[in-house]
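K.L.:
Sharing a structure with you now.
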Amino acid sequence: MRGVRWRRAVSQAGRSVAVWGVSTLTMLVLAGILPDFRLQSADGDSATTIAVTAAVGAGVFGVLSALVWPLLVRLLLLVPALVLGLLVFFLNGSLLLLALRLNPSGQSEAAPETAVIVAAVMSAVASATGGALAVRDDDAYRRRLYRLADRRRRGGPACPATPGTVFLQLDGVGHDVLARAVRKGLMPTVARWLGEDNGDGERTGAGAGAGAGTGTKADRGPTHRLTPWRTDWSSQTGASQLGILHGSNHDVPAFRWYEKDSGEVMVCNRPTSAAELQRRAVQRTGDGGLLAADGASRGNLFSGGADEQALVLSIAARRRSRETRSRSGYFAYFSDPANAVRTALSFVAEVVREIAQSTRARLREERPRVGRGGLYPFVRAFATVVERDVVVAAVTGDLLAGRTAVYADLVAYDEVAHHSGPLGRDTEQVLGRLDRALALIENVAEHAPRPYRIVVLSDHGQSPGETFRARYGLTLGDLVRAGCGLPVPRKAERTHSGAEARAAVRAALRRPVEESGDHHRPSGRRTELKLKPKPEPVVLASGNLGLISFPDVPHRMSKEEIDARHPALLATLANHPGIGFLLVRSEEHGGVVLGASGAELPLDQLDGDLGPLAAFGPGAADAVRRTHSFPHTADIMVNSCHDPADGEVLAFEEQIGSHGGLGGAQSRPFLLSPLTLSEPVTDDAELTGAEAVHRVLRRWLRESNGPQVPLEQPPEERAA
């Protein structure tokens with residue numbers, strides 16, 4: 001045992017000396033090519049003196065990076081994570097300037113802007129060198145990764161021998177998108193799991209560079225099965241992840257909605273709203289969540305009841321508490337300067353990539369297209385680089401710490417697909433990088449202190465299509481205002497849809513319909529309808545799902561009340577070619593679905609094969625009926641039209657890849673589960689709803705870890 005320790009110590013010392021030597025050479029090269037960075041006096045020094053100066057400077061910089069950098073990061077706990085990422089270069093450059101000042105030779109100096117460049121290059125080279133040397137030693141590789149997690153488990157109980165489970169959510173990746181990516185060879189790791197021949201042989205994922213010995217993996221045959229499932233009407237992360245992690249997404253009608261009893265707009269990705277939704281779900285189920293038994297929640301909207309939480313939105317409102325600081329994962333990751341520099345460089349590269357891709361799309365006049373300027377390149381880089389790197393690092397730490405259950409969300413694809421579309425070169429590149437992240441996690445799991453089962457899933461898909469505004473020249477809010485007889489912007493008023501809506505209002509109010517032509521208007525004046533002022537409706541959009549509420553009416557208005565107040569509104573919406581159907585409450589039938597040409601079907605007679613829902617496929621009628629039962633369903637629920645031939649919908653937001661309602665691939669996510677776990681569903685039944693997925697995942701945890709994973713309460717007890 002003592003001999004093993006000595007060999008490890010010698011090996012570690014050798015790697016440290018090698019990294020020091022490479023850093024010294026890097027500093028010498030940079031001093032030779034950068035005019036504002038020198039390692040010698042103005043009169044010149046001998047080669048030996050310059051080499052010693054470089055060696056001392058590299059050594060001091062390495063020590064400062066190891067000791068001072070974590071302290072600097074701790075002092076920046078109140079700085080937003082995105083700002084911290086941008087500060088990486090400045091802080092690293094400051095450490096280099098300090099290292100040069102501490103150099104006993106006193107001959108080295110650098111301009112501040114040059115110091116930033118030198119520090120970034122040296123950190124990147126040192127990280128690459130250390131990683132390359134560690135690859136040759138599996139023990140070193142494992143210890144290097146374990147530094148991310150050893151503090152969490154130090155002094156804790158021994159790790160059990162039963163398998164742990166890691167759930168990796170690829171946000172927004174639909175079943176068909178994943179299958180297509182596998183067929184095209186974009187995701188070799190997933191292809192290998194499924195036993196697909198993608199022509200990649202043994203070069204699958206990141207394993208070849210991680211020292212995990214993946215050469216024989218391709219010969220093992222399929223290890224996973226791919227299963228589609230159907231979302232609820234609200235096909236978005238808030239509803240799906242709440243149902244998956246906490247077993248209930250009751251009363252989540254959309255991504256954002258207006259609640260009349262509180263006068264608040266709930267938004268799923270707002271910390272206060274997320275915390276309230278999680279509280280309601282826990283109260284309804286009487287259960288802490290999927291991860292209550294020794295779990296970790298990483299990068300999610302909700303905690304799932306996990307003991308270990310980082311980057312979890314529902315606890316962000318309580319970030320002053322050290323135990324619930326939602327951004328702690330960012331600081332744990334950035335406390336390693338090599339991580340910080342590597343991620344910062346990738347961040348800059350992603351910003352440049354987005355600018356280049358959006359410019360190419362604009363020059364080629366690609367359609368559909370939305371604006372991708374402003375801060376979006378930085379938002380995209382944060383989602384595809386910073387969030388991915390931090391979450392993957394946190395998951396690897398959890399695996400090496402032996403946690404029982406881990407659930408992590410990787411949002412990269414969803415963010416890019418909203419602006420670039422769900423299919424295309426931009427999103428294919430993101431899928432390839434996600435596959436490499438899966439390969440890295442798989443390699444780390446092989447070094448974990450217990451076996452792990454990796455489950456990959458998505459919360460929803462995305463449906464392509466241009467925006468409602470691009471096709472018709474006005475927003476859903478403009479159309480609603482026109483249908484209510486309220487003033488609309490002049491540009492929207494001049495559209496065909498706006499003119500038809502205002503004509504319908506005049507007809508419903510038995511006013512003469514205006515003829516076109518300026519000779520019917522007083523010169524220099526704009527004719528307005530003289531209607532009695534009423535409080536304006538609240539119009540919200542969640543992808544291709546729209547919600548209309550009348551805030552001055554304390555209850556959910558009925559169809560009869562809406563017709564009495566705004567006689568032309570429902571007909572204007574239902575007959576619009578960009579709208580598929582409406583859901584409203586009826587005093588006579590309890591609830592009705594409205595479609596074009598006066599179609600009106602009571603919910604108890606609703607059949608997905610007939611009427612307005614025919615284009616939305618099986619399960620649409622049940623999804624609509626369930627949403628109708630929610631206490632906070634809007635007065636009018638609006639779903640855009642859907643073309644089954646190409647799967648397109650019309651987003652009420654500025655997105656060309658959207659989700660949130662019914663129609664197309666957005667309602668068809670996937671489950672990728674190990675064959676060692678039981679089938680998600682039997683008898684060719686369809687897995688429907690996020691709550692059903694929760695029950696499947698809970699069953700798998702029981703299969704892996706035995707009775708310590710509690711059974712889910714029966715529905716009648718949950719309702720009580």
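Letters A, B, ... mark the chains of the structure tokens in the order given; residue numbers begin at 1 per chain; ligand numbers begin at 1, in order shown.
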I need the residues in segment 559-590 of chain A that are strand (DSSP E or B) according to DSSP; give them as a PDB file with all heavy atoms, in the first residue's frame.
P.N.:
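So the final result, stored in selection11.pdb, reads:
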ATOM      1  N   ILE A 579     -55.373  30.285 -36.847  1.00  0.00           N
ATOM      2  CA  ILE A 579     -55.785  29.719 -35.567  1.00  0.00           C
ATOM      3  C   ILE A 579     -56.477  28.386 -35.805  1.00  0.00           C
ATOM      4  O   ILE A 579     -57.358  28.267 -36.664  1.00  0.00           O
ATOM      5  CB  ILE A 579     -56.696  30.697 -34.810  1.00  0.00           C
ATOM      6  CG1 ILE A 579     -55.865  31.911 -34.359  1.00  0.00           C
ATOM      7  CG2 ILE A 579     -57.359  30.022 -33.610  1.00  0.00           C
ATOM      8  CD1 ILE A 579     -56.655  32.982 -33.676  1.00  0.00           C
ATOM      9  N   GLY A 580     -56.067  27.368 -35.046  1.00  0.00           N
ATOM     10  CA  GLY A 580     -56.629  26.036 -35.202  1.00  0.00           C
ATOM     11  C   GLY A 580     -57.922  25.850 -34.461  1.00  0.00           C
ATOM     12  O   GLY A 580     -58.913  25.361 -35.012  1.00  0.00           O
ATOM     13  N   PHE A 581     -57.932  26.230 -33.178  1.00  0.00           N
ATOM     14  CA  PHE A 581     -59.159  26.083 -32.390  1.00  0.00           C
ATOM     15  C   PHE A 581     -59.052  26.926 -31.124  1.00  0.00           C
ATOM     16  O   PHE A 581     -57.957  27.367 -30.733  1.00  0.00           O
ATOM     17  CB  PHE A 581     -59.422  24.615 -32.024  1.00  0.00           C
ATOM     18  CG  PHE A 581     -58.401  24.010 -31.099  1.00  0.00           C
ATOM     19  CD1 PHE A 581     -58.560  24.062 -29.716  1.00  0.00           C
ATOM     20  CD2 PHE A 581     -57.275  23.366 -31.600  1.00  0.00           C
ATOM     21  CE1 PHE A 581     -57.627  23.501 -28.863  1.00  0.00           C
ATOM     22  CE2 PHE A 581     -56.329  22.804 -30.758  1.00  0.00           C
ATOM     23  CZ  PHE A 581     -56.507  22.866 -29.388  1.00  0.00           C
ATOM     24  N   LEU A 582     -60.205  27.139 -30.490  1.00  0.00           N
ATOM     25  CA  LEU A 582     -60.305  27.848 -29.223  1.00  0.00           C
ATOM     26  C   LEU A 582     -60.941  26.932 -28.187  1.00  0.00           C
ATOM     27  O   LEU A 582     -61.755  26.064 -28.523  1.00  0.00           O
ATOM     28  CB  LEU A 582     -61.173  29.105 -29.343  1.00  0.00           C
ATOM     29  CG  LEU A 582     -60.943  30.074 -30.504  1.00  0.00           C
ATOM     30  CD1 LEU A 582     -61.972  31.203 -30.435  1.00  0.00           C
ATOM     31  CD2 LEU A 582     -59.538  30.640 -30.464  1.00  0.00           C
ATOM     32  N   LEU A 583     -60.584  27.140 -26.928  1.00  0.00           N
ATOM     33  CA  LEU A 583     -61.255  26.481 -25.807  1.00  0.00           C
ATOM     34  C   LEU A 583     -61.850  27.550 -24.913  1.00  0.00           C
ATOM     35  O   LEU A 583     -61.132  28.450 -24.468  1.00  0.00           O
ATOM     36  CB  LEU A 583     -60.272  25.620 -25.009  1.00  0.00           C
ATOM     37  CG  LEU A 583     -60.801  25.099 -23.662  1.00  0.00           C
ATOM     38  CD1 LEU A 583     -61.943  24.105 -23.872  1.00  0.00           C
ATOM     39  CD2 LEU A 583     -59.677  24.475 -22.841  1.00  0.00           C
ATOM     40  N   VAL A 584     -63.141  27.472 -24.667  1.00  0.00           N
ATOM     41  CA  VAL A 584     -63.817  28.402 -23.763  1.00  0.00           C
ATOM     42  C   VAL A 584     -64.784  27.623 -22.885  1.00  0.00           C
ATOM     43  O   VAL A 584     -65.198  26.505 -23.213  1.00  0.00           O
ATOM     44  CB  VAL A 584     -64.587  29.504 -24.536  1.00  0.00           C
ATOM     45  CG1 VAL A 584     -63.637  30.414 -25.277  1.00  0.00           C
ATOM     46  CG2 VAL A 584     -65.596  28.879 -25.486  1.00  0.00           C
ATOM     47  N   ARG A 585     -65.158  28.232 -21.770  1.00  0.00           N
ATOM     48  CA  ARG A 585     -66.164  27.637 -20.887  1.00  0.00           C
ATOM     49  C   ARG A 585     -67.553  27.984 -21.394  1.00  0.00           C
ATOM     50  O   ARG A 585     -67.782  29.110 -21.858  1.00  0.00           O
ATOM     51  CB  ARG A 585     -65.971  28.162 -19.464  1.00  0.00           C
ATOM     52  CG  ARG A 585     -66.911  27.533 -18.434  1.00  0.00           C
ATOM     53  CD  ARG A 585     -66.603  28.030 -17.040  1.00  0.00           C
ATOM     54  NE  ARG A 585     -66.991  29.430 -16.863  1.00  0.00           N
ATOM     55  CZ  ARG A 585     -68.211  29.840 -16.506  1.00  0.00           C
ATOM     56  NH1 ARG A 585     -69.198  28.950 -16.320  1.00  0.00           N
ATOM     57  NH2 ARG A 585     -68.463  31.127 -16.350  1.00  0.00           N
TER      58      ARG A 585
END
K.L.:
Please, which residues in segment 294-314 of chain A fall within 6 Å of segment 392-406 of chain A when counting only C-alpha atoms, and what is the closest atom pair and distance in Å to one decimal for each, ordered by chain then residue number, as a Markdown table?
P.N.:
| residue | atom | partner | partner_atom | distance |
| --- | --- | --- | --- | --- |
| A:Asp294 | CA | A:Thr404 | CA | 5.5 |
| A:Gly295 | CA | A:Ala405 | CA | 4.6 |
| A:Ala296 | CA | A:Val406 | CA | 4.7 |
K.L.:
Do you know which residues are at most 10 Å from Gly373 of chain A counting only C-alpha atoms, after dropping those on the same chain fewer than 4 positions away, and could you put them as a ChimeraX atom specification?
P.N.:
/A:354-355,358-359,377-378
K.L.:
Only C-alpha atoms, please: the residues just picked out, written as a PDB file, in the first residue's frame.
P.N.:
ATOM      1  CA  GLU A 354     -23.733  32.654 -33.811  1.00  0.00           C
ATOM      2  CA  ILE A 355     -22.911  35.968 -35.469  1.00  0.00           C
ATOM      3  CA  SER A 358     -27.075  34.551 -38.415  1.00  0.00           C
ATOM      4  CA  THR A 359     -25.194  36.633 -41.001  1.00  0.00           C
ATOM      5  CA  PRO A 377     -25.473  35.786 -29.234  1.00  0.00           C
ATOM      6  CA  PHE A 378     -24.409  36.050 -25.585  1.00  0.00           C
TER       7      PHE A 378
END
K.L.:
Given the choices A:Asp607, A:Glu654, A:Glu308, A:Asp622, which gets closest to Arg469 of chain A if the distance is worked out from only C-alpha atoms?
P.N.:
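Using only C-alpha atoms, the shortest distance to Arg469 of chain A belongs to A:Glu654.
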